[in-house]
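my_file-v9.txt (compact mmCIF, C-alpha atoms (C1' of nucleotides)) appears below.
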# COMPACT_ATOMS: atom_id res chain seq x y z
CA MET A 1 4.00 -37.51 7.17
CA ASN A 2 6.19 -34.46 6.54
CA ILE A 3 5.18 -31.33 4.70
CA GLY A 4 6.73 -32.43 1.42
CA GLN A 5 4.67 -35.59 1.32
CA ALA A 6 1.53 -33.72 2.34
CA ALA A 7 2.20 -31.25 -0.46
CA GLU A 8 2.66 -34.05 -2.95
CA ALA A 9 -0.47 -35.84 -1.79
CA SER A 10 -2.69 -32.77 -1.72
CA GLY A 11 -1.45 -30.76 -4.66
CA VAL A 12 -0.81 -27.77 -2.40
CA SER A 13 2.82 -26.64 -2.34
CA ALA A 14 4.78 -26.77 0.91
CA LYS A 15 5.18 -23.02 0.67
CA MET A 16 1.44 -22.54 0.52
CA ILE A 17 0.76 -24.98 3.33
CA ARG A 18 2.99 -22.91 5.60
CA TYR A 19 1.29 -19.77 4.39
CA TYR A 20 -2.19 -21.19 5.05
CA GLU A 21 -1.05 -22.11 8.54
CA GLU A 22 0.37 -18.66 9.17
CA THR A 23 -2.83 -16.97 8.05
CA ARG A 24 -4.93 -19.36 10.08
CA LEU A 25 -6.79 -20.92 7.18
CA ILE A 26 -5.65 -24.25 8.64
CA ARG A 27 -4.72 -24.96 12.21
CA PRO A 28 -1.03 -25.17 13.13
CA ALA A 29 0.38 -28.60 12.36
CA ASP A 30 1.70 -30.84 15.07
CA ARG A 31 5.48 -30.98 15.29
CA SER A 32 7.93 -33.85 15.53
CA ALA A 33 10.61 -33.85 18.22
CA SER A 34 12.94 -32.02 15.87
CA GLY A 35 10.38 -29.40 14.91
CA TYR A 36 9.17 -30.81 11.59
CA ARG A 37 5.49 -30.29 10.76
CA VAL A 38 3.56 -33.58 10.86
CA TYR A 39 0.42 -34.21 8.80
CA SER A 40 -2.31 -36.84 9.02
CA HIS A 41 -4.43 -38.20 6.19
CA GLU A 42 -7.24 -36.03 7.46
CA ASP A 43 -5.02 -32.97 7.11
CA VAL A 44 -4.31 -33.96 3.52
CA HIS A 45 -8.04 -34.35 3.01
CA THR A 46 -8.55 -30.77 4.14
CA LEU A 47 -5.72 -29.54 1.95
CA ARG A 48 -7.26 -31.23 -1.05
CA PHE A 49 -10.56 -29.51 -0.28
CA ILE A 50 -8.71 -26.20 -0.27
CA ARG A 51 -6.94 -27.05 -3.49
CA ARG A 52 -10.18 -27.81 -5.31
CA ALA A 53 -11.82 -24.67 -4.01
CA ARG A 54 -8.86 -22.61 -5.22
CA ASP A 55 -9.11 -24.28 -8.61
CA LEU A 56 -12.69 -23.05 -8.79
CA GLY A 57 -11.44 -19.54 -8.07
CA PHE A 58 -12.71 -19.12 -4.52
CA SER A 59 -10.74 -16.60 -2.48
CA VAL A 60 -9.04 -17.69 0.72
CA LYS A 61 -11.66 -15.73 2.61
CA GLN A 62 -14.46 -17.65 0.92
CA ILE A 63 -12.62 -20.91 1.52
CA THR A 64 -12.44 -20.09 5.22
CA LEU A 65 -16.21 -19.95 5.17
CA LEU A 66 -16.58 -23.09 3.06
CA LEU A 67 -14.28 -24.99 5.39
CA SER A 68 -16.26 -23.98 8.44
CA LEU A 69 -19.49 -25.01 6.74
CA TRP A 70 -17.93 -28.27 5.65
CA GLN A 71 -17.04 -29.06 9.23
CA ASP A 72 -20.37 -27.90 10.62
CA LYS A 73 -22.76 -30.83 10.56
CA ASN A 74 -25.63 -28.46 11.36
CA ARG A 75 -24.97 -26.24 8.35
CA GLU A 76 -27.78 -25.32 6.03
CA SER A 77 -27.05 -26.08 2.40
CA ALA A 78 -28.49 -22.65 1.61
CA GLN A 79 -25.40 -21.10 3.19
CA VAL A 80 -23.08 -23.07 0.96
CA LYS A 81 -25.16 -22.30 -2.09
CA GLN A 82 -25.06 -18.61 -1.27
CA VAL A 83 -21.27 -18.58 -1.20
CA ALA A 84 -21.18 -20.33 -4.56
CA LEU A 85 -23.73 -18.02 -6.13
CA GLU A 86 -21.92 -14.95 -4.91
CA HIS A 87 -18.70 -16.26 -6.36
CA ILE A 88 -20.39 -16.96 -9.68
CA SER A 89 -21.70 -13.43 -9.65
CA GLU A 90 -18.23 -12.00 -9.04
CA LEU A 91 -16.80 -14.06 -11.86
CA GLN A 92 -19.52 -12.90 -14.20
CA THR A 93 -18.89 -9.28 -13.32
CA LYS A 94 -15.20 -9.67 -14.10
CA ILE A 95 -15.96 -11.45 -17.34
CA GLU A 96 -18.28 -8.67 -18.41
CA GLU A 97 -15.64 -6.05 -17.70
CA MET A 98 -13.06 -7.94 -19.69
CA GLN A 99 -15.48 -8.60 -22.51
CA GLN A 100 -16.16 -4.89 -22.79
CA MET A 101 -12.43 -4.28 -23.02
CA ILE A 102 -12.19 -6.90 -25.73
CA ASP A 103 -15.06 -5.36 -27.67
CA VAL A 104 -13.37 -1.97 -27.71
CA LEU A 105 -9.95 -3.41 -28.44
CA ALA A 106 -11.18 -5.67 -31.21
CA GLU A 107 -12.89 -2.83 -32.98
CA LEU A 108 -9.79 -0.68 -32.72
CA ALA A 109 -7.53 -3.47 -33.89
CA GLU A 110 -9.76 -4.14 -36.82
CA SER A 111 -9.56 -0.55 -37.95
CA CYS A 112 -5.77 -0.57 -37.70
CA HIS A 113 -4.01 -1.44 -40.92
CA GLY A 114 -1.24 -3.19 -39.07
CA ASP A 115 1.37 -2.49 -41.72
CA HIS A 116 4.60 -0.51 -41.97
CA ARG A 117 2.86 2.87 -41.84
CA PRO A 118 2.76 4.77 -38.53
CA ASN A 119 -0.84 5.93 -38.51
CA CYS A 120 -2.83 3.88 -36.00
CA PRO A 121 -6.41 4.29 -34.72
CA ILE A 122 -5.49 2.45 -31.54
CA LEU A 123 -3.04 5.15 -30.52
CA ASN A 124 -5.45 7.83 -31.68
CA LYS A 125 -8.10 6.42 -29.39
CA LEU A 126 -5.77 6.27 -26.41
CA GLU A 127 -4.68 9.81 -27.11
CA ALA A 128 -8.09 11.32 -27.82
CA MET B 1 0.45 22.92 -12.31
CA ASN B 2 0.88 20.86 -9.16
CA ILE B 3 0.36 17.14 -8.83
CA GLY B 4 -3.15 17.48 -7.44
CA GLN B 5 -4.33 19.44 -10.45
CA ALA B 6 -2.57 17.07 -12.83
CA ALA B 7 -4.30 14.19 -11.07
CA GLU B 8 -7.66 15.90 -11.36
CA ALA B 9 -7.12 16.75 -15.02
CA SER B 10 -5.85 13.32 -16.03
CA GLY B 11 -7.89 10.97 -13.89
CA VAL B 12 -4.71 9.42 -12.49
CA SER B 13 -4.36 9.75 -8.72
CA ALA B 14 -1.46 11.71 -7.27
CA LYS B 15 -0.33 8.52 -5.58
CA MET B 16 -0.16 6.73 -8.90
CA ILE B 17 1.58 9.60 -10.66
CA ARG B 18 4.37 9.40 -8.08
CA TYR B 19 4.47 5.64 -8.49
CA TYR B 20 4.66 5.87 -12.28
CA GLU B 21 7.54 8.29 -11.89
CA GLU B 22 9.35 6.04 -9.45
CA THR B 23 9.01 3.03 -11.75
CA ARG B 24 10.10 5.08 -14.74
CA LEU B 25 6.90 4.74 -16.71
CA ILE B 26 6.99 8.53 -16.93
CA ARG B 27 10.02 10.75 -16.68
CA PRO B 28 10.67 12.58 -13.39
CA ALA B 29 8.64 15.76 -13.16
CA ASP B 30 10.30 19.15 -12.94
CA ARG B 31 10.32 20.66 -9.49
CA SER B 32 9.41 24.10 -8.19
CA ALA B 33 11.80 26.01 -5.94
CA SER B 34 10.18 24.43 -2.91
CA GLY B 35 10.35 20.91 -4.30
CA TYR B 36 6.79 20.53 -5.60
CA ARG B 37 6.36 18.50 -8.78
CA VAL B 38 5.33 20.68 -11.72
CA TYR B 39 3.29 19.38 -14.67
CA SER B 40 2.63 20.76 -18.16
CA HIS B 41 -0.42 20.20 -20.31
CA GLU B 42 1.65 17.76 -22.31
CA ASP B 43 2.38 15.78 -19.15
CA VAL B 44 -1.35 15.63 -18.48
CA HIS B 45 -1.85 14.46 -22.04
CA THR B 46 0.53 11.58 -21.40
CA LEU B 47 -1.15 10.75 -18.11
CA ARG B 48 -4.51 10.62 -19.83
CA PHE B 49 -3.07 8.23 -22.39
CA ILE B 50 -1.92 6.02 -19.55
CA ARG B 51 -5.28 6.25 -17.86
CA ARG B 52 -7.15 5.15 -20.97
CA ALA B 53 -4.75 2.29 -21.56
CA ARG B 54 -5.22 1.12 -17.96
CA ASP B 55 -8.98 1.30 -18.42
CA LEU B 56 -8.59 -1.08 -21.33
CA GLY B 57 -6.70 -3.45 -19.06
CA PHE B 58 -3.21 -3.03 -20.45
CA SER B 59 -0.46 -3.82 -17.97
CA VAL B 60 2.07 -1.17 -17.06
CA LYS B 61 4.61 -3.13 -19.04
CA GLN B 62 2.44 -3.03 -22.13
CA ILE B 63 1.77 0.66 -21.59
CA THR B 64 5.50 1.31 -21.50
CA LEU B 65 5.63 -0.19 -24.97
CA LEU B 66 2.55 1.69 -26.17
CA LEU B 67 3.96 4.97 -24.90
CA SER B 68 7.24 4.46 -26.72
CA LEU B 69 5.38 3.60 -29.93
CA TRP B 70 3.13 6.61 -29.46
CA GLN B 71 6.15 8.85 -29.26
CA ASP B 72 7.97 7.17 -32.12
CA LYS B 73 6.95 8.84 -35.34
CA ASN B 74 8.62 6.05 -37.31
CA ARG B 75 6.61 3.30 -35.64
CA GLU B 76 4.85 0.71 -37.71
CA SER B 77 1.17 0.37 -36.92
CA ALA B 78 1.73 -3.40 -37.04
CA GLN B 79 3.65 -3.11 -33.78
CA VAL B 80 0.80 -1.36 -32.04
CA LYS B 81 -1.71 -3.81 -33.42
CA GLN B 82 0.36 -6.70 -32.16
CA VAL B 83 0.33 -5.36 -28.60
CA ALA B 84 -3.43 -4.97 -28.79
CA LEU B 85 -3.99 -8.42 -30.24
CA GLU B 86 -1.81 -10.05 -27.61
CA HIS B 87 -3.73 -8.27 -24.90
CA ILE B 88 -7.03 -9.39 -26.40
CA SER B 89 -5.71 -12.92 -26.42
CA GLU B 90 -4.71 -12.73 -22.76
CA LEU B 91 -8.14 -11.40 -21.84
CA GLN B 92 -9.83 -14.18 -23.77
CA THR B 93 -7.75 -16.82 -22.02
CA LYS B 94 -8.73 -15.45 -18.63
CA ILE B 95 -12.36 -15.26 -19.61
CA GLU B 96 -12.31 -18.87 -20.74
CA GLU B 97 -10.80 -19.97 -17.44
CA MET B 98 -13.42 -18.09 -15.48
CA GLN B 99 -16.21 -19.34 -17.69
CA GLN B 100 -15.13 -22.90 -17.02
CA MET B 101 -15.26 -22.19 -13.31
CA ILE B 102 -18.73 -20.74 -13.71
CA ASP B 103 -19.91 -23.76 -15.67
CA VAL B 104 -18.80 -26.12 -12.92
CA LEU B 105 -20.11 -23.91 -10.14
CA ALA B 106 -23.45 -23.31 -11.80
CA GLU B 107 -24.04 -27.00 -12.23
CA LEU B 108 -23.14 -27.67 -8.62
CA ALA B 109 -25.27 -24.82 -7.36
CA GLU B 110 -28.20 -26.03 -9.38
CA SER B 111 -27.99 -29.47 -7.85
CA CYS B 112 -27.88 -28.01 -4.33
CA HIS B 113 -31.25 -27.71 -2.68
CA GLY B 114 -30.23 -24.57 -0.87
CA ASP B 115 -32.52 -25.13 2.06
CA HIS B 116 -32.17 -25.80 5.80
CA ARG B 117 -30.80 -29.31 5.32
CA PRO B 118 -27.04 -29.87 5.56
CA ASN B 119 -26.49 -32.18 2.59
CA CYS B 120 -24.83 -30.27 -0.22
CA PRO B 121 -23.37 -31.47 -3.54
CA ILE B 122 -21.06 -28.45 -3.65
CA LEU B 123 -19.24 -29.58 -0.52
CA ASN B 124 -19.30 -33.17 -1.73
CA LYS B 125 -17.57 -32.13 -4.93
CA LEU B 126 -14.90 -30.14 -3.08
CA GLU B 127 -14.34 -33.06 -0.77
CA ALA B 128 -14.32 -35.86 -3.36
C1' DT C 1 1.98 39.21 11.46
C1' DA C 2 0.37 34.97 12.99
C1' DT C 3 -2.50 31.31 12.18
C1' DT C 4 -5.21 28.07 9.70
C1' DG C 5 -6.22 24.73 6.32
C1' DA C 6 -5.24 22.70 2.09
C1' DC C 7 -1.66 21.03 -0.40
C1' DC C 8 2.81 19.00 -1.06
C1' DT C 9 6.97 15.99 0.27
C1' DT C 10 9.09 11.23 1.57
C1' DC C 11 8.86 6.81 3.70
C1' DC C 12 6.67 2.71 5.25
C1' DA C 13 3.03 -0.64 5.09
C1' DA C 14 -0.80 -3.28 3.47
C1' DT C 15 -3.63 -5.62 -0.02
C1' DG C 16 -3.91 -11.28 -2.32
C1' DA C 17 -1.85 -15.50 -3.52
C1' DT C 18 2.25 -17.23 -4.68
C1' DT C 19 7.09 -17.99 -5.51
C1' DG C 20 12.04 -17.55 -4.69
C1' DG C 21 16.08 -17.62 -2.03
C1' DA C 22 19.38 -17.70 1.92
C1' DA C 23 21.15 -19.53 6.22
C1' DG C 24 21.03 -23.13 9.09
C1' DC C 25 19.27 -27.57 11.33
C1' DC C 26 17.86 -32.69 10.78
C1' DC C 27 17.85 -37.30 8.96
C1' DT C 28 19.38 -41.17 6.39
C1' DA C 29 22.52 -43.76 3.71
C1' DC C 30 26.98 -44.90 2.58
C1' DG D 1 31.93 -38.72 9.16
C1' DT D 2 30.24 -36.83 5.29
C1' DA D 3 27.02 -35.94 1.50
C1' DG D 4 22.37 -35.10 0.01
C1' DG D 5 17.97 -33.93 0.48
C1' DG D 6 14.36 -32.28 3.28
C1' DC D 7 13.01 -29.35 6.83
C1' DT D 8 13.05 -24.77 9.53
C1' DT D 9 12.52 -19.45 9.67
C1' DC D 10 12.94 -14.99 7.69
C1' DC D 11 13.04 -11.75 4.04
C1' DA D 12 11.90 -10.27 -0.54
C1' DA D 13 9.58 -9.94 -4.88
C1' DT D 14 5.53 -10.02 -7.87
C1' DC D 15 1.38 -6.28 -9.64
C1' DA D 16 -1.25 -2.00 -9.22
C1' DT D 17 -3.09 0.55 -5.85
C1' DT D 18 -4.30 2.65 -1.50
C1' DG D 19 -3.53 4.29 3.21
C1' DG D 20 -1.24 6.71 6.68
C1' DA D 21 2.30 9.31 9.38
C1' DA D 22 5.48 13.11 9.96
C1' DG D 23 6.75 17.21 8.31
C1' DG D 24 7.41 21.26 4.86
C1' DT D 25 4.85 24.97 1.75
C1' DC D 26 1.46 28.11 0.19
C1' DA D 27 -2.42 31.28 0.16
C1' DA D 28 -5.91 33.56 2.51
C1' DT D 29 -7.80 35.40 6.52
C1' DA D 30 -8.16 37.39 11.30

Target encoding structure tokens, full file:
Amino acid sequence: MNIGQAAEASGVSAKMIRYYEETRLIRPADRSASGYRVYSHEDVHTLRFIRRARDLGFSVKQITLLLSLWQDKNRESAQVKQVALEHISELQTKIEEMQQMIDVLAELAESCHGDHRPNCPILNKLEA
Amino acid sequence: MNIGQAAEASGVSAKMIRYYEETRLIRPADRSASGYRVYSHEDVHTLRFIRRARDLGFSVKQITLLLSLWQDKNRESAQVKQVALEHISELQTKIEEMQQMIDVLAELAESCHGDHRPNCPILNKLEA
DNA sequence: TATTGACCTTCCAATGATTGGAAGCCCTAC
DNA sequence: GTAGGGCTTCCAATCATTGGAAGGTCAATA
């Protein structure tokens, strides 16, 4: 099948499929006589794997690792678990940073009258 | 003072100060006879404002708005509060997305033995 | 006075994942 | 044969930030 159909079937856009090929996340697709990329059902299977991993927030670098583990029948599940746990940890760190921002912002917003008058503790805080 | 000292005093890197000037977040700095950028204490004050806003996760676009409100003595605090509340809302949305990822990942990781054997529910889920 | 080292300048490039567009070729149907 | 839709490559933009190269400036020191 052509790239458009592979995109449709996998949920990965044609643009991204070309990009993943260029960056070597996936191997270069076979080409038809006229130069069109040709995809098998197995290729679509791989693309779907990538799509799901992206939906869970894994970086392309992490997906490279997950793909190689997926294809390695001698993998140890501990390796896969480690990638997942590290990703969870990264997500938690980011959440904590954002939550701290929210805590500060919420307190400031609460102390701001939010009316027609100019005085505003939010600006005061940014200025101070 | 020169850009290096302004960077030191404000916590904004010299690279970023030049970038903020280029993108018109701040007005172009005065220049010395030899072409060096020259900064006043007021400029540093503005840069510090920007730095604090960035630390709270505001985008440059939002900071542009905050800066103009800061300098507008006829502003209504409601406008400032709105910017803050919208930013809080954006942060919360992102946190929720990440938390959902964590929930899925944590469940998968928990069901993975994480030992020397290859079978792994995490990979199964990504594949399915 | 000449040199050295720290600072400044501009310009270009890369990050990460994704999207957009332009110019041009291919394929199918009418 | 022509119209259209899909495919190709290449270039650019997003967002905030960092890095580096090549070259000019300044202050202090030998």

Please build the interface table for chain C against chain A with a cut-off of 9 Å, listing for each qualifying residue the nearest atom pair and the distance in Å to one decimal; count only C-alpha atoms (C1' of nucleotides), order rows by chain and increasing number, and write it as JSON lines.
{"residue": "C:DG16", "atom": "C1'", "partner": "A:Ser59", "partner_atom": "CA", "distance": 8.7}
{"residue": "C:DA17", "atom": "C1'", "partner": "A:Val60", "partner_atom": "CA", "distance": 8.6}
{"residue": "C:DT18", "atom": "C1'", "partner": "A:Met16", "partner_atom": "CA", "distance": 7.5}
{"residue": "C:DT19", "atom": "C1'", "partner": "A:Lys15", "partner_atom": "CA", "distance": 8.2}
{"residue": "C:DC25", "atom": "C1'", "partner": "A:Ser34", "partner_atom": "CA", "distance": 9.0}
{"residue": "C:DC26", "atom": "C1'", "partner": "A:Ser34", "partner_atom": "CA", "distance": 7.1}

Using only C-alpha atoms, I'd like a table of the residues in chain B that come within 6 Å of chain A; for each, show the closest atom pair and its distance in Å rounded to one decimal, ordered by chain and ascending number, as a tab-separated table.
residue	atom	partner	partner_atom	distance
B:Phe49	CA	A:Leu126	CA	5.2
B:Arg52	CA	A:Leu126	CA	5.7
B:Leu56	CA	A:Met101	CA	5.3
B:Arg75	CA	A:Pro118	CA	5.0
B:Glu76	CA	A:His116	CA	4.4
B:Ser77	CA	A:Gly114	CA	4.8
B:Ala78	CA	A:Gly114	CA	3.6
B:Lys81	CA	A:Gly114	CA	5.7
B:Ile88	CA	A:Ile102	CA	5.8
B:Ile95	CA	A:Ile95	CA	5.7
B:Met101	CA	A:Leu56	CA	5.3
B:Ile102	CA	A:Ile88	CA	5.8
B:Ala109	CA	A:Lys81	CA	5.8
B:Gly114	CA	A:Ala78	CA	3.6
B:Asp115	CA	A:Ala78	CA	4.8
B:His116	CA	A:Glu76	CA	4.4
B:Arg117	CA	A:Glu76	CA	5.1
B:Pro118	CA	A:Glu76	CA	4.6
B:Cys120	CA	A:Ser77	CA	5.4
B:Leu126	CA	A:Phe49	CA	5.2
B:Glu127	CA	A:Phe49	CA	5.2

Quiz item: Taking all atoms listed in the file into account, what are the residues of chain D at most 9 Å from chain A, put as a count of residues only?
Solution: 3

Superposition output for chain B against chain A, all Cα paired in order, as a compact mmCIF listing (two decimals) with C-alpha atoms, keeping the file's coordinate frame:
# COMPACT_ATOMS: atom_id res chain seq x y z
CA MET B 1 4.00 -37.50 7.08
CA ASN B 2 6.19 -34.47 6.47
CA ILE B 3 5.19 -31.31 4.67
CA GLY B 4 6.73 -32.38 1.37
CA GLN B 5 4.66 -35.54 1.24
CA ALA B 6 1.53 -33.67 2.30
CA ALA B 7 2.21 -31.18 -0.48
CA GLU B 8 2.66 -33.97 -3.00
CA ALA B 9 -0.47 -35.77 -1.85
CA SER B 10 -2.68 -32.69 -1.75
CA GLY B 11 -1.45 -30.64 -4.67
CA VAL B 12 -0.80 -27.68 -2.37
CA SER B 13 2.82 -26.54 -2.30
CA ALA B 14 4.78 -26.71 0.94
CA LYS B 15 5.18 -22.95 0.73
CA MET B 16 1.44 -22.48 0.60
CA ILE B 17 0.76 -24.96 3.39
CA ARG B 18 3.00 -22.90 5.67
CA TYR B 19 1.27 -19.74 4.51
CA TYR B 20 -2.19 -21.18 5.13
CA GLU B 21 -1.06 -22.12 8.62
CA GLU B 22 0.35 -18.68 9.29
CA THR B 23 -2.85 -16.98 8.16
CA ARG B 24 -4.95 -19.40 10.18
CA LEU B 25 -6.81 -20.92 7.27
CA ILE B 26 -5.66 -24.26 8.68
CA ARG B 27 -4.74 -25.02 12.25
CA PRO B 28 -1.04 -25.24 13.17
CA ALA B 29 0.38 -28.65 12.34
CA ASP B 30 1.73 -30.93 15.04
CA ARG B 31 5.49 -31.04 15.24
CA SER B 32 7.96 -33.91 15.45
CA ALA B 33 10.66 -33.94 18.12
CA SER B 34 12.98 -32.10 15.77
CA GLY B 35 10.43 -29.46 14.85
CA TYR B 36 9.20 -30.85 11.52
CA ARG B 37 5.52 -30.34 10.73
CA VAL B 38 3.58 -33.61 10.81
CA TYR B 39 0.44 -34.22 8.74
CA SER B 40 -2.31 -36.86 8.94
CA HIS B 41 -4.41 -38.20 6.11
CA GLU B 42 -7.22 -36.03 7.40
CA ASP B 43 -5.00 -32.96 7.09
CA VAL B 44 -4.30 -33.93 3.49
CA HIS B 45 -8.02 -34.32 2.97
CA THR B 46 -8.53 -30.75 4.14
CA LEU B 47 -5.70 -29.50 1.96
CA ARG B 48 -7.24 -31.17 -1.05
CA PHE B 49 -10.53 -29.47 -0.28
CA ILE B 50 -8.70 -26.16 -0.25
CA ARG B 51 -6.93 -26.97 -3.47
CA ARG B 52 -10.16 -27.76 -5.29
CA ALA B 53 -11.81 -24.62 -3.98
CA ARG B 54 -8.85 -22.53 -5.17
CA ASP B 55 -9.09 -24.19 -8.58
CA LEU B 56 -12.67 -22.98 -8.75
CA GLY B 57 -11.46 -19.47 -8.02
CA PHE B 58 -12.72 -19.07 -4.49
CA SER B 59 -10.78 -16.55 -2.43
CA VAL B 60 -9.07 -17.63 0.75
CA LYS B 61 -11.71 -15.71 2.64
CA GLN B 62 -14.48 -17.63 0.95
CA ILE B 63 -12.64 -20.89 1.55
CA THR B 64 -12.45 -20.09 5.24
CA LEU B 65 -16.23 -19.94 5.19
CA LEU B 66 -16.58 -23.08 3.08
CA LEU B 67 -14.27 -24.99 5.40
CA SER B 68 -16.26 -24.00 8.46
CA LEU B 69 -19.50 -25.03 6.75
CA TRP B 70 -17.92 -28.28 5.64
CA GLN B 71 -17.04 -29.08 9.21
CA ASP B 72 -20.37 -27.96 10.61
CA LYS B 73 -22.74 -30.88 10.55
CA ASN B 74 -25.63 -28.54 11.33
CA ARG B 75 -24.99 -26.29 8.35
CA GLU B 76 -27.78 -25.38 6.01
CA SER B 77 -27.04 -26.13 2.38
CA ALA B 78 -28.51 -22.69 1.62
CA GLN B 79 -25.43 -21.14 3.19
CA VAL B 80 -23.09 -23.08 0.97
CA LYS B 81 -25.16 -22.32 -2.09
CA GLN B 82 -25.09 -18.64 -1.27
CA VAL B 83 -21.28 -18.59 -1.19
CA ALA B 84 -21.19 -20.33 -4.55
CA LEU B 85 -23.76 -18.03 -6.12
CA GLU B 86 -21.96 -14.94 -4.90
CA HIS B 87 -18.73 -16.23 -6.34
CA ILE B 88 -20.41 -16.95 -9.66
CA SER B 89 -21.73 -13.43 -9.65
CA GLU B 90 -18.28 -11.97 -9.00
CA LEU B 91 -16.83 -14.04 -11.84
CA GLN B 92 -19.57 -12.89 -14.19
CA THR B 93 -18.95 -9.25 -13.32
CA LYS B 94 -15.26 -9.62 -14.10
CA ILE B 95 -15.98 -11.42 -17.33
CA GLU B 96 -18.33 -8.66 -18.41
CA GLU B 97 -15.69 -6.03 -17.71
CA MET B 98 -13.10 -7.92 -19.69
CA GLN B 99 -15.51 -8.59 -22.51
CA GLN B 100 -16.19 -4.88 -22.80
CA MET B 101 -12.47 -4.27 -23.04
CA ILE B 102 -12.21 -6.90 -25.74
CA ASP B 103 -15.08 -5.38 -27.69
CA VAL B 104 -13.39 -1.98 -27.74
CA LEU B 105 -9.96 -3.41 -28.47
CA ALA B 106 -11.18 -5.70 -31.22
CA GLU B 107 -12.88 -2.85 -33.00
CA LEU B 108 -9.78 -0.70 -32.74
CA ALA B 109 -7.51 -3.51 -33.87
CA GLU B 110 -9.73 -4.20 -36.83
CA SER B 111 -9.53 -0.61 -37.97
CA CYS B 112 -5.73 -0.62 -37.70
CA HIS B 113 -3.97 -1.52 -40.91
CA GLY B 114 -1.19 -3.26 -39.05
CA ASP B 115 1.42 -2.58 -41.67
CA HIS B 116 4.66 -0.59 -41.93
CA ARG B 117 2.92 2.79 -41.82
CA PRO B 118 2.81 4.70 -38.53
CA ASN B 119 -0.80 5.88 -38.52
CA CYS B 120 -2.80 3.84 -36.04
CA PRO B 121 -6.38 4.26 -34.76
CA ILE B 122 -5.48 2.43 -31.55
CA LEU B 123 -3.02 5.13 -30.55
CA ASN B 124 -5.43 7.81 -31.73
CA LYS B 125 -8.11 6.43 -29.44
CA LEU B 126 -5.76 6.29 -26.44
CA GLU B 127 -4.66 9.82 -27.15
CA ALA B 128 -8.08 11.36 -27.84

Practice problem: Take atom C1' of DA13 of chain D and atom CA of Arg27 of chain B and report the distance between them in Å, one decimal. | Solution: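 Computing the Euclidean distance for atom C1' of DA13 of chain D and atom CA of Arg27 of chain B yields 23.8 Å.
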
Write out as a short mmCIF file (atom, residue, chain, number, x, y, z; two decimals) with C-alpha atoms (C1' of nucleotides), keeping the file's coordinate frame which residues come within 12 Å of DA28 of chain D when counting all atoms listed in the file, dropping same-chain ones fewer than 3 positions away.
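Writing done, so here's result01.cif:
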data_model
loop_
_atom_site.label_atom_id
_atom_site.label_comp_id
_atom_site.auth_asym_id
_atom_site.auth_seq_id
_atom_site.Cartn_x
_atom_site.Cartn_y
_atom_site.Cartn_z
"C1'" DT C 3 -2.50 31.31 12.18
"C1'" DT C 4 -5.21 28.07 9.70
"C1'" DG C 5 -6.22 24.73 6.32
"C1'" DA C 6 -5.24 22.70 2.09
#

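If you look at atom CA of Tyr39 of chain A and atom C1' of DA12 of chain D, they are 28.1 Å away from each other.
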
Quiz item: Which of these, C:DC8, C:DA23, C:DA29, C:DA2, has the shortest distance to DC10 of chain D once you count only C-alpha atoms (C1' of nucleotides)?
Solution: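 Answer, going by the shortest atom-to-atom distance: C:DA23.
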
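Here atom CA of Leu25 of chain B stands at a distance of 8.2 Å from atom CA of Ile63 of chain B.
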
Draw an axis-aligned box over all listed atoms of segment 3-18 of chain D, pad each side with 3 Å, and write its centre and edge lengths in Å, one decimal, as JSON.
{"center_x": 11.4, "center_y": -16.6, "center_z": 0.0, "size_x": 37.3, "size_y": 44.6, "size_z": 25.3}

Reconstruct N, CA and C atoms of segment 5-14 of chain B; output as a compact mmCIF listing (two decimals), in the frame of the given file.
# COMPACT_ATOMS: atom_id res chain seq x y z
N GLN B 5 -3.60 18.98 -9.26
CA GLN B 5 -4.33 19.44 -10.45
C GLN B 5 -4.10 18.51 -11.63
N ALA B 6 -2.87 18.01 -11.75
CA ALA B 6 -2.57 17.07 -12.83
C ALA B 6 -3.37 15.78 -12.63
N ALA B 7 -3.51 15.38 -11.38
CA ALA B 7 -4.30 14.19 -11.07
C ALA B 7 -5.76 14.41 -11.46
N GLU B 8 -6.28 15.54 -11.05
CA GLU B 8 -7.66 15.90 -11.36
C GLU B 8 -7.90 15.93 -12.87
N ALA B 9 -6.96 16.56 -13.58
CA ALA B 9 -7.12 16.75 -15.02
C ALA B 9 -6.94 15.45 -15.82
N SER B 10 -6.17 14.53 -15.27
CA SER B 10 -5.85 13.32 -16.03
C SER B 10 -6.66 12.09 -15.61
N GLY B 11 -7.18 12.14 -14.39
CA GLY B 11 -7.89 10.97 -13.89
C GLY B 11 -6.96 9.94 -13.27
N VAL B 12 -5.68 10.29 -13.16
CA VAL B 12 -4.71 9.42 -12.49
C VAL B 12 -4.43 10.01 -11.11
N SER B 13 -4.55 9.21 -10.07
CA SER B 13 -4.36 9.75 -8.72
C SER B 13 -2.94 10.23 -8.50
N ALA B 14 -2.79 11.18 -7.59
CA ALA B 14 -1.46 11.71 -7.27
C ALA B 14 -0.54 10.58 -6.82
